[in-house]
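Here's protein-v1.cif, which has mmCIF, C-alpha atoms and all ligand atoms:
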data_run
#
loop_
_atom_site.label_atom_id
_atom_site.label_comp_id
_atom_site.auth_asym_id
_atom_site.auth_seq_id
_atom_site.Cartn_x
_atom_site.Cartn_y
_atom_site.Cartn_z
CA MET A 13 27.87 20.54 -17.12
CA GLY A 14 24.93 18.13 -16.81
CA LYS A 15 22.61 18.23 -13.85
CA THR A 16 23.07 15.74 -11.02
CA ARG A 17 20.14 13.34 -10.98
CA ILE A 18 18.58 12.56 -7.65
CA LEU A 19 15.90 10.03 -6.81
CA ILE A 20 13.79 10.69 -3.72
CA LEU A 21 11.75 7.75 -2.47
CA GLY A 22 8.69 9.61 -1.23
CA GLY A 23 5.17 9.34 0.09
CA THR A 24 5.82 11.74 2.98
CA THR A 25 5.61 15.45 3.77
CA GLU A 26 9.39 15.53 4.13
CA ALA A 27 9.91 14.14 0.62
CA ARG A 28 7.58 16.81 -0.75
CA LEU A 29 9.36 19.60 1.13
CA LEU A 30 12.77 18.33 0.07
CA GLY A 31 11.53 18.13 -3.53
CA ALA A 32 10.34 21.76 -3.28
CA ALA A 33 13.78 22.85 -2.08
CA LEU A 34 15.52 20.92 -4.86
CA ALA A 35 13.13 22.14 -7.58
CA ALA A 36 14.72 25.57 -7.25
CA ARG A 37 18.26 24.25 -7.77
CA PRO A 38 19.60 24.67 -11.32
CA ASP A 39 22.36 22.09 -10.73
CA LEU A 40 19.99 19.26 -9.77
CA ASP A 41 17.37 17.17 -11.48
CA ALA A 42 15.22 15.49 -8.82
CA THR A 43 12.45 12.92 -9.24
CA ILE A 44 10.10 11.73 -6.50
CA SER A 45 8.98 8.12 -6.49
CA LEU A 46 5.58 7.16 -5.07
CA ALA A 47 4.30 3.66 -4.42
CA GLY A 48 0.91 4.48 -5.91
CA ARG A 49 -1.08 3.46 -2.82
CA THR A 50 -2.92 6.76 -2.37
CA VAL A 51 -5.94 7.15 -4.63
CA ASP A 52 -5.53 10.90 -4.94
CA PRO A 53 -1.91 11.83 -4.13
CA LEU A 54 -1.00 15.42 -3.34
CA PRO A 55 0.71 17.37 -6.13
CA GLN A 56 4.50 17.09 -5.96
CA PRO A 57 7.00 19.89 -6.68
CA VAL A 58 9.25 17.85 -9.01
CA PRO A 59 8.54 15.16 -11.64
CA VAL A 60 7.01 11.99 -10.20
CA ARG A 61 7.22 8.33 -11.13
CA ILE A 62 4.65 5.96 -9.66
CA GLY A 63 4.64 2.27 -8.73
CA GLY A 64 6.97 -0.38 -7.34
CA PHE A 65 10.36 -0.99 -9.00
CA GLY A 66 10.29 -4.77 -8.62
CA GLY A 67 12.35 -5.22 -5.47
CA ALA A 68 15.91 -4.09 -4.79
CA GLU A 69 17.06 -5.43 -8.14
CA GLY A 70 14.41 -3.44 -9.97
CA LEU A 71 15.41 -0.30 -8.10
CA ALA A 72 19.09 -0.88 -8.90
CA ARG A 73 18.13 -1.26 -12.57
CA TYR A 74 16.12 1.98 -12.47
CA LEU A 75 19.04 3.84 -10.85
CA ARG A 76 21.33 2.62 -13.59
CA GLU A 77 18.96 3.29 -16.49
CA LYS A 78 18.05 6.79 -15.33
CA GLU A 79 21.68 7.61 -14.46
CA ILE A 80 20.78 8.58 -10.92
CA SER A 81 23.74 9.85 -8.87
CA ILE A 82 22.24 10.11 -5.39
CA LEU A 83 19.43 8.15 -3.75
CA ILE A 84 17.44 9.63 -0.86
CA ASP A 85 15.10 7.39 1.12
CA ALA A 86 12.44 9.78 2.40
CA THR A 87 9.74 7.14 2.78
CA HIS A 88 7.57 6.85 5.86
CA PRO A 89 9.31 5.44 8.96
CA PHE A 90 7.10 2.34 8.64
CA ALA A 91 7.82 1.66 4.97
CA ALA A 92 10.42 -0.91 6.04
CA GLN A 93 10.56 -2.99 2.88
CA MET A 94 11.22 -0.03 0.61
CA SER A 95 13.96 1.15 2.96
CA ARG A 96 15.64 -2.27 2.91
CA ASN A 97 15.47 -2.22 -0.89
CA ALA A 98 17.06 1.23 -0.93
CA VAL A 99 20.04 0.01 1.12
CA GLU A 100 20.51 -3.02 -1.10
CA ALA A 101 20.13 -1.15 -4.39
CA ALA A 102 22.47 1.65 -3.33
CA ALA A 103 25.10 -0.89 -2.29
CA ALA A 104 24.70 -2.86 -5.52
CA SER A 105 24.98 0.31 -7.61
CA GLY A 106 27.77 1.85 -5.53
CA LEU A 107 25.70 5.03 -5.17
CA PRO A 108 25.74 7.44 -2.26
CA ALA A 109 22.46 7.25 -0.40
CA PHE A 110 20.95 8.53 2.81
CA THR A 111 17.69 8.55 4.72
CA LEU A 112 15.50 11.53 5.56
CA ARG A 113 13.33 10.37 8.44
CA ARG A 114 11.61 12.48 11.04
CA ALA A 115 12.51 11.72 14.64
CA PRO A 116 10.09 9.54 16.61
CA TRP A 117 7.83 11.06 19.26
CA GLN A 118 9.03 10.70 22.82
CA PRO A 119 6.67 10.29 25.79
CA VAL A 120 6.33 13.27 28.13
CA GLU A 121 4.85 13.59 31.60
CA GLY A 122 1.19 12.58 31.61
CA ASP A 123 1.47 10.24 28.63
CA ARG A 124 0.21 6.68 29.16
CA TRP A 125 1.97 4.76 26.41
CA VAL A 126 2.03 1.00 25.98
CA PRO A 127 4.81 0.29 23.46
CA VAL A 128 4.35 -2.61 21.05
CA SER A 129 6.74 -3.75 18.35
CA ASP A 130 4.27 -4.29 15.52
CA VAL A 131 0.58 -4.06 14.61
CA PRO A 132 -0.29 -7.74 15.30
CA GLU A 133 0.84 -7.13 18.91
CA VAL A 134 -1.79 -4.38 19.29
CA VAL A 135 -4.53 -6.95 19.84
CA SER A 136 -2.96 -8.45 22.97
CA ALA A 137 -2.10 -4.96 24.26
CA LEU A 138 -5.77 -3.97 24.03
CA GLY A 139 -6.69 -6.90 26.29
CA PRO A 140 -9.89 -8.99 26.41
CA ALA A 141 -12.35 -6.45 27.92
CA PRO A 142 -14.38 -4.41 25.39
CA ARG A 143 -12.96 -0.93 24.76
CA HIS A 144 -13.57 2.09 22.55
CA VAL A 145 -10.52 2.17 20.31
CA PHE A 146 -9.34 4.96 18.01
CA LEU A 147 -7.37 3.08 15.34
CA ALA A 148 -5.09 5.57 13.58
CA ILE A 149 -2.49 3.34 11.93
CA GLY A 150 -3.55 3.76 8.30
CA ARG A 151 -5.59 1.31 6.28
CA GLN A 152 -3.06 -1.31 5.22
CA GLU A 153 -2.68 -3.05 8.56
CA ALA A 154 -6.07 -2.24 10.10
CA HIS A 155 -7.31 -5.79 9.35
CA HIS A 156 -5.25 -7.16 12.27
CA VAL A 157 -7.97 -6.02 14.69
CA ASN A 158 -10.44 -8.43 13.08
CA ARG A 159 -9.04 -10.83 15.67
CA ALA A 160 -10.50 -8.66 18.46
CA PRO A 161 -14.20 -8.19 17.58
CA MET A 162 -15.24 -7.30 21.16
CA HIS A 163 -14.08 -3.67 20.88
CA HIS A 164 -15.75 -0.64 19.29
CA TYR A 165 -13.48 0.89 16.65
CA LEU A 166 -13.15 4.37 15.24
CA VAL A 167 -10.90 3.92 12.19
CA ARG A 168 -9.31 6.93 10.52
CA SER A 169 -7.43 6.66 7.22
CA VAL A 170 -6.72 8.71 4.11
CA ASP A 171 -8.18 6.10 1.74
CA PRO A 172 -11.00 3.62 2.48
CA VAL A 173 -10.21 0.42 4.35
CA GLU A 174 -10.79 -2.31 1.79
CA PRO A 175 -11.95 -4.93 2.39
CA ALA A 176 -13.94 -3.51 5.29
CA LEU A 177 -13.17 -4.86 8.76
CA THR A 178 -15.22 -7.85 9.87
CA VAL A 179 -15.71 -6.55 13.44
CA PRO A 180 -19.34 -5.67 14.31
CA HIS A 181 -18.78 -2.21 15.83
CA VAL A 182 -16.83 0.10 13.57
CA THR A 183 -17.03 3.71 12.40
CA TYR A 184 -14.81 4.89 9.55
CA ILE A 185 -13.56 8.40 8.99
CA ARG A 186 -11.50 9.42 6.01
CA ASP A 187 -9.27 12.37 6.69
CA LEU A 188 -5.82 13.67 5.92
CA GLY A 189 -3.83 15.67 8.48
CA PRO A 190 -2.71 18.01 9.78
CA PHE A 191 -5.12 17.66 12.68
CA ARG A 192 -5.89 20.22 15.40
CA LEU A 193 -5.82 19.50 19.11
CA ASP A 194 -9.33 20.77 19.88
CA ASP A 195 -10.78 18.71 16.99
CA GLU A 196 -8.98 15.59 18.21
CA ILE A 197 -10.26 16.12 21.76
CA ARG A 198 -13.80 16.59 20.48
CA LEU A 199 -13.58 13.48 18.29
CA MET A 200 -12.18 11.30 21.05
CA ARG A 201 -14.78 12.55 23.57
CA HIS A 202 -17.62 12.05 21.10
CA HIS A 203 -16.61 8.42 20.50
CA GLN A 204 -15.81 7.82 24.21
CA ILE A 205 -12.34 6.64 23.22
CA ASP A 206 -10.36 4.87 25.94
CA ALA A 207 -7.48 3.56 23.79
CA LEU A 208 -5.63 5.22 20.92
CA VAL A 209 -3.63 2.96 18.59
CA THR A 210 -0.98 4.74 16.55
CA LYS A 211 2.37 4.21 14.90
CA ASN A 212 5.27 6.25 16.23
CA SER A 213 5.44 8.24 13.01
CA GLY A 214 6.89 11.42 14.50
CA GLY A 215 6.35 14.90 13.06
CA SER A 216 3.82 17.58 13.91
CA ALA A 217 0.97 16.91 11.45
CA THR A 218 -0.55 14.02 13.41
CA TYR A 219 0.80 14.76 16.90
CA ALA A 220 -2.44 16.38 18.12
CA LYS A 221 -4.01 12.97 18.81
CA ILE A 222 -1.14 12.18 21.20
CA GLU A 223 -1.68 15.47 23.02
CA ALA A 224 -5.44 14.86 23.08
CA ALA A 225 -4.91 11.40 24.59
CA ARG A 226 -2.65 12.93 27.26
CA GLN A 227 -5.23 15.57 28.17
CA LEU A 228 -8.05 13.03 28.31
CA GLY A 229 -5.99 10.41 30.20
CA VAL A 230 -6.43 7.94 27.32
CA GLU A 231 -4.02 5.03 26.96
CA VAL A 232 -1.91 5.01 23.80
CA ILE A 233 -0.89 1.71 22.24
CA MET A 234 2.25 2.93 20.48
CA VAL A 235 3.59 0.82 17.60
CA GLU A 236 7.31 1.52 17.72
CA ARG A 237 9.62 1.58 14.71
CA ALA A 238 11.81 -1.27 13.63
CA PRO A 239 15.55 -0.48 13.69
CA GLY A 240 16.71 1.61 10.71
CA ALA A 241 17.81 -0.11 7.52
CA GLY A 242 21.42 1.08 7.64
CA LEU A 243 21.87 4.29 5.63
CA PRO A 244 23.07 7.53 7.24
CA VAL A 245 20.01 9.34 8.66
CA THR A 246 19.02 13.00 8.80
CA THR A 247 15.81 13.97 10.57
CA THR A 248 15.07 17.33 8.92
CA VAL A 249 14.82 18.69 5.40
CA GLU A 250 17.54 21.21 6.29
CA GLY A 251 19.79 18.34 7.41
CA ALA A 252 19.09 16.54 4.14
CA LEU A 253 20.07 19.63 2.13
CA ASN A 254 23.32 19.88 4.08
CA HIS A 255 24.03 16.21 3.55
CA LEU A 256 23.34 16.60 -0.13
CA ASP A 257 25.67 19.58 -0.42
CA HIS A 258 28.34 17.55 1.31
CA LEU A 259 27.90 14.77 -1.27
CA LEU A 260 28.00 17.35 -4.06
CA SER A 261 31.16 19.05 -2.78
CA PRO A 262 34.04 18.81 -5.27
CA ALA A 263 35.99 16.32 -3.17
CA MET A 264 33.02 13.99 -2.74
CA LYS A 265 31.81 14.52 -6.29
CA ARG A 266 34.88 12.88 -7.74
CA GLY A 267 33.34 9.67 -6.41
CA VAL A 268 29.78 10.60 -7.48
N1 LIG B 1 3.65 2.40 6.08
C1 LIG B 1 3.04 3.52 6.49
O1 LIG B 1 2.52 3.61 7.62
C2 LIG B 1 2.98 4.72 5.58
C3 LIG B 1 2.38 5.89 6.04
C4 LIG B 1 2.35 7.02 5.21
C5 LIG B 1 2.91 6.98 3.96
N2 LIG B 1 3.50 5.83 3.53
C6 LIG B 1 4.08 5.83 2.18
O2 LIG B 1 3.35 4.89 1.42
C7 LIG B 1 4.20 4.19 0.53
C8 LIG B 1 4.07 2.68 0.72
O3 LIG B 1 4.39 2.37 2.06
P1 LIG B 1 4.46 0.85 2.53
O4 LIG B 1 4.53 0.84 4.01
O5 LIG B 1 3.41 0.06 1.81
O6 LIG B 1 5.89 0.44 1.93
P2 LIG B 1 6.72 -0.92 2.06
O7 LIG B 1 5.86 -1.97 2.70
O8 LIG B 1 8.03 -0.63 2.66
O9 LIG B 1 6.97 -1.26 0.53
C9 LIG B 1 6.35 -2.33 -0.17
C10 LIG B 1 6.65 -2.15 -1.62
O10 LIG B 1 5.97 -1.02 -2.16
C11 LIG B 1 6.78 -0.37 -3.13
N3 LIG B 1 7.10 0.99 -2.66
C12 LIG B 1 7.05 1.48 -1.39
N4 LIG B 1 7.37 2.77 -1.36
C13 LIG B 1 7.63 3.13 -2.63
C14 LIG B 1 8.01 4.34 -3.25
N5 LIG B 1 8.16 5.49 -2.54
N6 LIG B 1 8.21 4.33 -4.60
C15 LIG B 1 8.05 3.19 -5.33
N7 LIG B 1 7.68 2.02 -4.80
C16 LIG B 1 7.47 1.98 -3.47
C17 LIG B 1 8.02 -1.22 -3.28
O11 LIG B 1 7.73 -2.16 -4.29
P3 LIG B 1 8.86 -2.84 -5.19
O12 LIG B 1 9.55 -3.81 -4.30
O13 LIG B 1 8.11 -3.44 -6.32
O14 LIG B 1 9.79 -1.73 -5.62
C18 LIG B 1 8.12 -1.89 -1.92
O15 LIG B 1 8.87 -3.08 -1.93
C19 LIG B 1 5.62 4.70 0.78
O16 LIG B 1 5.92 5.61 -0.24
C20 LIG B 1 5.54 5.39 2.13
O17 LIG B 1 6.43 6.47 2.23
C21 LIG B 1 3.54 4.70 4.31
#

Show the structure stored in the file as structure tokens.
Ligand SMILES: NC(=O)c1ccc[n+]([C@@H]2O[C@H](COP(=O)([O-])OP(=O)(O)OC[C@H]3O[C@@H](n4cnc5c(N)ncnc54)[C@H](OP(=O)(O)O)[C@@H]3O)[C@@H](O)[C@H]2O)c1
Amino acid sequence: MGKTRILILGGTTEARLLGAALAARPDLDATISLAGRTVDPLPQPVPVRIGGFGGAEGLARYLREKEISILIDATHPFAAQMSRNAVEAAAASGLPAFTLRRAPWQPVEGDRWVPVSDVPEVVSALGPAPRHVFLAIGRQEAHHVNRAPMHHYLVRSVDPVEPALTVPHVTYIRDLGPFRLDDEIRLMRHHQIDALVTKNSGGSATYAKIEAARQLGVEVIMVERAPGAGLPVTTTVEGALNHLDHLLSPAMKRGV
């Protein structure tokens, strides 16, 4: 019997871990798809394809051509366009599909969060008075703070911010998590940070900055997630494996 082909839309730790679990399965043939944004992507445990598909239609064509049976959207919680495309392509192809997405962080006692619905809203949340801002939202949307040149920025991203920001006071650090609490506290103290800007990505690898902000009494401008795109969601790799086994069960497989 042929192997069941699975496409994992990746770019996250969860996609990599799920790929590692599936690599060991003799009944499955999994591929991870990356957008190709990261200059030096981490090695992946299963074969990788890189680059956009050309919208939902392009993805549907790929699913058909590669005879994919199950689509798993394990992209980052803020990769909203890709997730919309996944819903559309799965519906158009009549394929079973689900989302693997880590749960968002929840505020706990001592947190000072200011929720905002998107990155452009960060600027008004920071207010007009000059502040020392730790901008930890990745490089793609960092340019929005060009509208607020009165603040000092510490910008951390995996790849360089290009083009550079136009604000006069900016320090760049390139780093890839996981980050440690004591390092985050030291960094935030050193740069006299009084506002942390982050996306509500969830997960443990980048949570230390949230804990550091709590301990230092620093305000957190929290960019919240948009509502999910509509596929069934599991929040853990284990949940994804269970969901997959359910789809692969003989009764379900008749439709796969
Ligand atoms: N947004 C974040 O904060 C963030 C953080 C960490 C990692 N990532 C990862 O970085 C990648 C890009 O994120 P984004 O926010 O730029 O996505 P996005 O805005 O939702 O997607 C824009 C376009 O990029 C292509 N694309 C995105 N993810 C892809 C994938 N896994 N495989 C193939 N093509 C993909 C698609 O192009 P076509 O329409 O041409 O198919 C998509 O329409 C994703 O893989 C995501 O998991 C994102």

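All residues, whether protein, DNA or RNA, that have an atom at most 6 Å from ligand LIG 1 (chain B) (counting all atoms listed in the file) are A:Leu21, A:Gly22, A:Gly23, A:Thr24, A:Ser45, A:Leu46, A:Ala47, A:Gly63, A:Gly64, A:Phe65, A:Gly66, A:Gly67, A:Thr87, A:His88, A:Phe90, A:Ala91, A:Ala92, A:Gln93, A:Met94.
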
Write to file, as a PDB file, keeping the file's coordinate frame, the residues of the selection just made, with C-alpha atoms.
ATOM      1  CA  LEU A  21      11.750   7.750  -2.470  1.00  0.00           C
ATOM      2  CA  GLY A  22       8.690   9.610  -1.230  1.00  0.00           C
ATOM      3  CA  GLY A  23       5.170   9.340   0.090  1.00  0.00           C
ATOM      4  CA  THR A  24       5.820  11.740   2.980  1.00  0.00           C
ATOM      5  CA  SER A  45       8.980   8.120  -6.490  1.00  0.00           C
ATOM      6  CA  LEU A  46       5.580   7.160  -5.070  1.00  0.00           C
ATOM      7  CA  ALA A  47       4.300   3.660  -4.420  1.00  0.00           C
ATOM      8  CA  GLY A  63       4.640   2.270  -8.730  1.00  0.00           C
ATOM      9  CA  GLY A  64       6.970  -0.380  -7.340  1.00  0.00           C
ATOM     10  CA  PHE A  65      10.360  -0.990  -9.000  1.00  0.00           C
ATOM     11  CA  GLY A  66      10.290  -4.770  -8.620  1.00  0.00           C
ATOM     12  CA  GLY A  67      12.350  -5.220  -5.470  1.00  0.00           C
ATOM     13  CA  THR A  87       9.740   7.140   2.780  1.00  0.00           C
ATOM     14  CA  HIS A  88       7.570   6.850   5.860  1.00  0.00           C
ATOM     15  CA  PHE A  90       7.100   2.340   8.640  1.00  0.00           C
ATOM     16  CA  ALA A  91       7.820   1.660   4.970  1.00  0.00           C
ATOM     17  CA  ALA A  92      10.420  -0.910   6.040  1.00  0.00           C
ATOM     18  CA  GLN A  93      10.560  -2.990   2.880  1.00  0.00           C
ATOM     19  CA  MET A  94      11.220  -0.030   0.610  1.00  0.00           C
TER      20      MET A  94
END

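For A:Arg17, the non-local neighbours within 6 Å, defined as residues at least 3 positions apart in the same chain or in other chains and counting all atoms listed in the file, are Asp41, Ala42, Ile80 and Ser81 of chain A.
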
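The residues that lie within 9 Å of the point (16.7, 7.2, 7.7), counting all atoms listed in the file, are A:Ile84, A:Asp85, A:Ala86, A:Thr87, A:Pro89, A:Ser95, A:Phe110, A:Thr111, A:Leu112, A:Arg113, A:Arg114, A:Gly240, A:Ala241, A:Gly242, A:Leu243, A:Pro244, A:Val245, A:Thr246, A:Thr247.
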
Within 6 Å of stretch 198-215 of chain A, which residues of stretch 37-134 of chain A show up? Give each one with its shortest atom-to-atom distance in Å (one decimal) and the two atoms involved, counting only C-alpha atoms, rows by chain then rising residue number, as CSV.
residue,atom,partner,partner_atom,distance
A:Arg114,CA,A:Gly214,CA,5.9
A:Ala115,CA,A:Gly214,CA,5.6
A:Pro116,CA,A:Gly214,CA,4.3
A:Trp117,CA,A:Gly214,CA,4.9

Between A:Ala32, A:Ile18, A:Val60, A:Val128, which one has atoms that come closest to A:Leu75, using all atoms listed in the file?
A:Ile18

For a test of reading the model, state the distance in Å between atom CA of A:Pro140 and atom CA of A:Ala176, rounded to one decimal.
22.2 Å

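For the atom pair formed by atom CA of A:Leu188 and atom CA of A:Ala225, the distance is 18.8 Å, given to one decimal.
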
Restricting the calculation to all atoms listed in the file: of A:Val135, A:Leu19, A:Asp195, A:His181, which residue gets closest to A:Leu107?
A:Leu19

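With all atoms listed in the file as the basis for measurement, A:Asp171 is the residue among A:Glu250, A:Asp171, A:Asp194, A:Asp123 that approaches A:Gly48 most closely.
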
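With all atoms listed in the file as the atoms that count, the minimum distance from A:Glu79 to the choices A:Asn254, A:Thr50, A:Ser261, A:Thr16 is reached by A:Thr16.
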
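Note that atom CA of A:Pro190 and atom CA of A:Pro119 are 20.1 Å apart.
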
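Nearest to A:Ile62 of all the residues A:Val230, A:Val126, A:Ile20, A:Ala103 is A:Ile20, counting all atoms listed in the file.
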
Given the point (4.6, -0.2, 13.2) in the file's coordinates, find the residues that have an atom at most 8 Å from it, counting all atoms listed in the file, and give them as an mmCIF file with C-alpha atoms, keeping the file's coordinate frame.
data_model
loop_
_atom_site.group_PDB
_atom_site.id
_atom_site.type_symbol
_atom_site.label_atom_id
_atom_site.label_comp_id
_atom_site.auth_asym_id
_atom_site.auth_seq_id
_atom_site.Cartn_x
_atom_site.Cartn_y
_atom_site.Cartn_z
ATOM 1 C CA PHE A 90 7.100 2.340 8.640
ATOM 2 C CA SER A 129 6.740 -3.750 18.350
ATOM 3 C CA ASP A 130 4.270 -4.290 15.520
ATOM 4 C CA VAL A 131 0.580 -4.060 14.610
ATOM 5 C CA LYS A 211 2.370 4.210 14.900
ATOM 6 C CA ASN A 212 5.270 6.250 16.230
ATOM 7 C CA VAL A 235 3.590 0.820 17.600
ATOM 8 C CA GLU A 236 7.310 1.520 17.720
ATOM 9 C CA ARG A 237 9.620 1.580 14.710
ATOM 10 C CA ALA A 238 11.810 -1.270 13.630
#

Please supply stretch 228-247 of chain A, rebuilt with N, CA and C atoms, as a PDB file, in the frame of the given file.
ATOM      1  N   LEU A 228      -6.845  13.790  27.931  1.00  0.00           N
ATOM      2  CA  LEU A 228      -8.050  13.030  28.310  1.00  0.00           C
ATOM      3  C   LEU A 228      -7.703  11.803  29.165  1.00  0.00           C
ATOM      4  N   GLY A 229      -6.412  11.569  29.412  1.00  0.00           N
ATOM      5  CA  GLY A 229      -5.990  10.410  30.200  1.00  0.00           C
ATOM      6  C   GLY A 229      -6.192   9.094  29.461  1.00  0.00           C
ATOM      7  N   VAL A 230      -6.184   9.148  28.131  1.00  0.00           N
ATOM      8  CA  VAL A 230      -6.430   7.940  27.320  1.00  0.00           C
ATOM      9  C   VAL A 230      -5.121   7.177  27.096  1.00  0.00           C
ATOM     10  N   GLU A 231      -5.210   5.864  27.204  1.00  0.00           N
ATOM     11  CA  GLU A 231      -4.020   5.030  26.960  1.00  0.00           C
ATOM     12  C   GLU A 231      -3.675   5.026  25.471  1.00  0.00           C
ATOM     13  N   VAL A 232      -2.378   5.027  25.187  1.00  0.00           N
ATOM     14  CA  VAL A 232      -1.910   5.010  23.800  1.00  0.00           C
ATOM     15  C   VAL A 232      -1.141   3.716  23.547  1.00  0.00           C
ATOM     16  N   ILE A 233      -1.650   2.885  22.646  1.00  0.00           N
ATOM     17  CA  ILE A 233      -0.890   1.710  22.240  1.00  0.00           C
ATOM     18  C   ILE A 233       0.021   2.195  21.109  1.00  0.00           C
ATOM     19  N   MET A 234       1.304   2.287  21.393  1.00  0.00           N
ATOM     20  CA  MET A 234       2.250   2.930  20.480  1.00  0.00           C
ATOM     21  C   MET A 234       3.045   1.861  19.726  1.00  0.00           C
ATOM     22  N   VAL A 235       2.819   1.764  18.418  1.00  0.00           N
ATOM     23  CA  VAL A 235       3.590   0.820  17.600  1.00  0.00           C
ATOM     24  C   VAL A 235       4.934   1.481  17.312  1.00  0.00           C
ATOM     25  N   GLU A 236       5.990   0.911  17.879  1.00  0.00           N
ATOM     26  CA  GLU A 236       7.310   1.520  17.720  1.00  0.00           C
ATOM     27  C   GLU A 236       7.939   1.105  16.403  1.00  0.00           C
ATOM     28  N   ARG A 237       8.962   1.841  15.995  1.00  0.00           N
ATOM     29  CA  ARG A 237       9.620   1.580  14.710  1.00  0.00           C
ATOM     30  C   ARG A 237      10.587   0.409  14.809  1.00  0.00           C
ATOM     31  N   ALA A 238      10.750  -0.263  13.701  1.00  0.00           N
ATOM     32  CA  ALA A 238      11.810  -1.270  13.630  1.00  0.00           C
ATOM     33  C   ALA A 238      13.141  -0.524  13.498  1.00  0.00           C
ATOM     34  N   PRO A 239      14.262  -1.157  13.848  1.00  0.00           N
ATOM     35  CA  PRO A 239      15.550  -0.480  13.690  1.00  0.00           C
ATOM     36  C   PRO A 239      15.755  -0.045  12.232  1.00  0.00           C
ATOM     37  N   GLY A 240      16.487   1.058  12.054  1.00  0.00           N
ATOM     38  CA  GLY A 240      16.710   1.610  10.710  1.00  0.00           C
ATOM     39  C   GLY A 240      17.420   0.621   9.799  1.00  0.00           C
ATOM     40  N   ALA A 241      17.296   0.862   8.496  1.00  0.00           N
ATOM     41  CA  ALA A 241      17.810  -0.110   7.520  1.00  0.00           C
ATOM     42  C   ALA A 241      19.313   0.003   7.287  1.00  0.00           C
ATOM     43  N   GLY A 242      19.957   1.067   7.740  1.00  0.00           N
ATOM     44  CA  GLY A 242      21.420   1.080   7.640  1.00  0.00           C
ATOM     45  C   GLY A 242      22.046   2.230   6.891  1.00  0.00           C
ATOM     46  N   LEU A 243      21.268   3.140   6.299  1.00  0.00           N
ATOM     47  CA  LEU A 243      21.870   4.290   5.630  1.00  0.00           C
ATOM     48  C   LEU A 243      22.082   5.404   6.651  1.00  0.00           C
ATOM     49  N   PRO A 244      22.975   6.365   6.351  1.00  0.00           N
ATOM     50  CA  PRO A 244      23.070   7.530   7.240  1.00  0.00           C
ATOM     51  C   PRO A 244      21.701   8.235   7.296  1.00  0.00           C
ATOM     52  N   VAL A 245      21.342   8.752   8.486  1.00  0.00           N
ATOM     53  CA  VAL A 245      20.010   9.340   8.660  1.00  0.00           C
ATOM     54  C   VAL A 245      20.090  10.819   8.996  1.00  0.00           C
ATOM     55  N   THR A 246      19.256  11.623   8.339  1.00  0.00           N
ATOM     56  CA  THR A 246      19.020  13.000   8.800  1.00  0.00           C
ATOM     57  C   THR A 246      17.537  13.077   9.131  1.00  0.00           C
ATOM     58  N   THR A 247      17.210  13.941  10.107  1.00  0.00           N
ATOM     59  CA  THR A 247      15.810  13.970  10.570  1.00  0.00           C
ATOM     60  C   THR A 247      15.054  15.202  10.077  1.00  0.00           C
TER      61      THR A 247
END
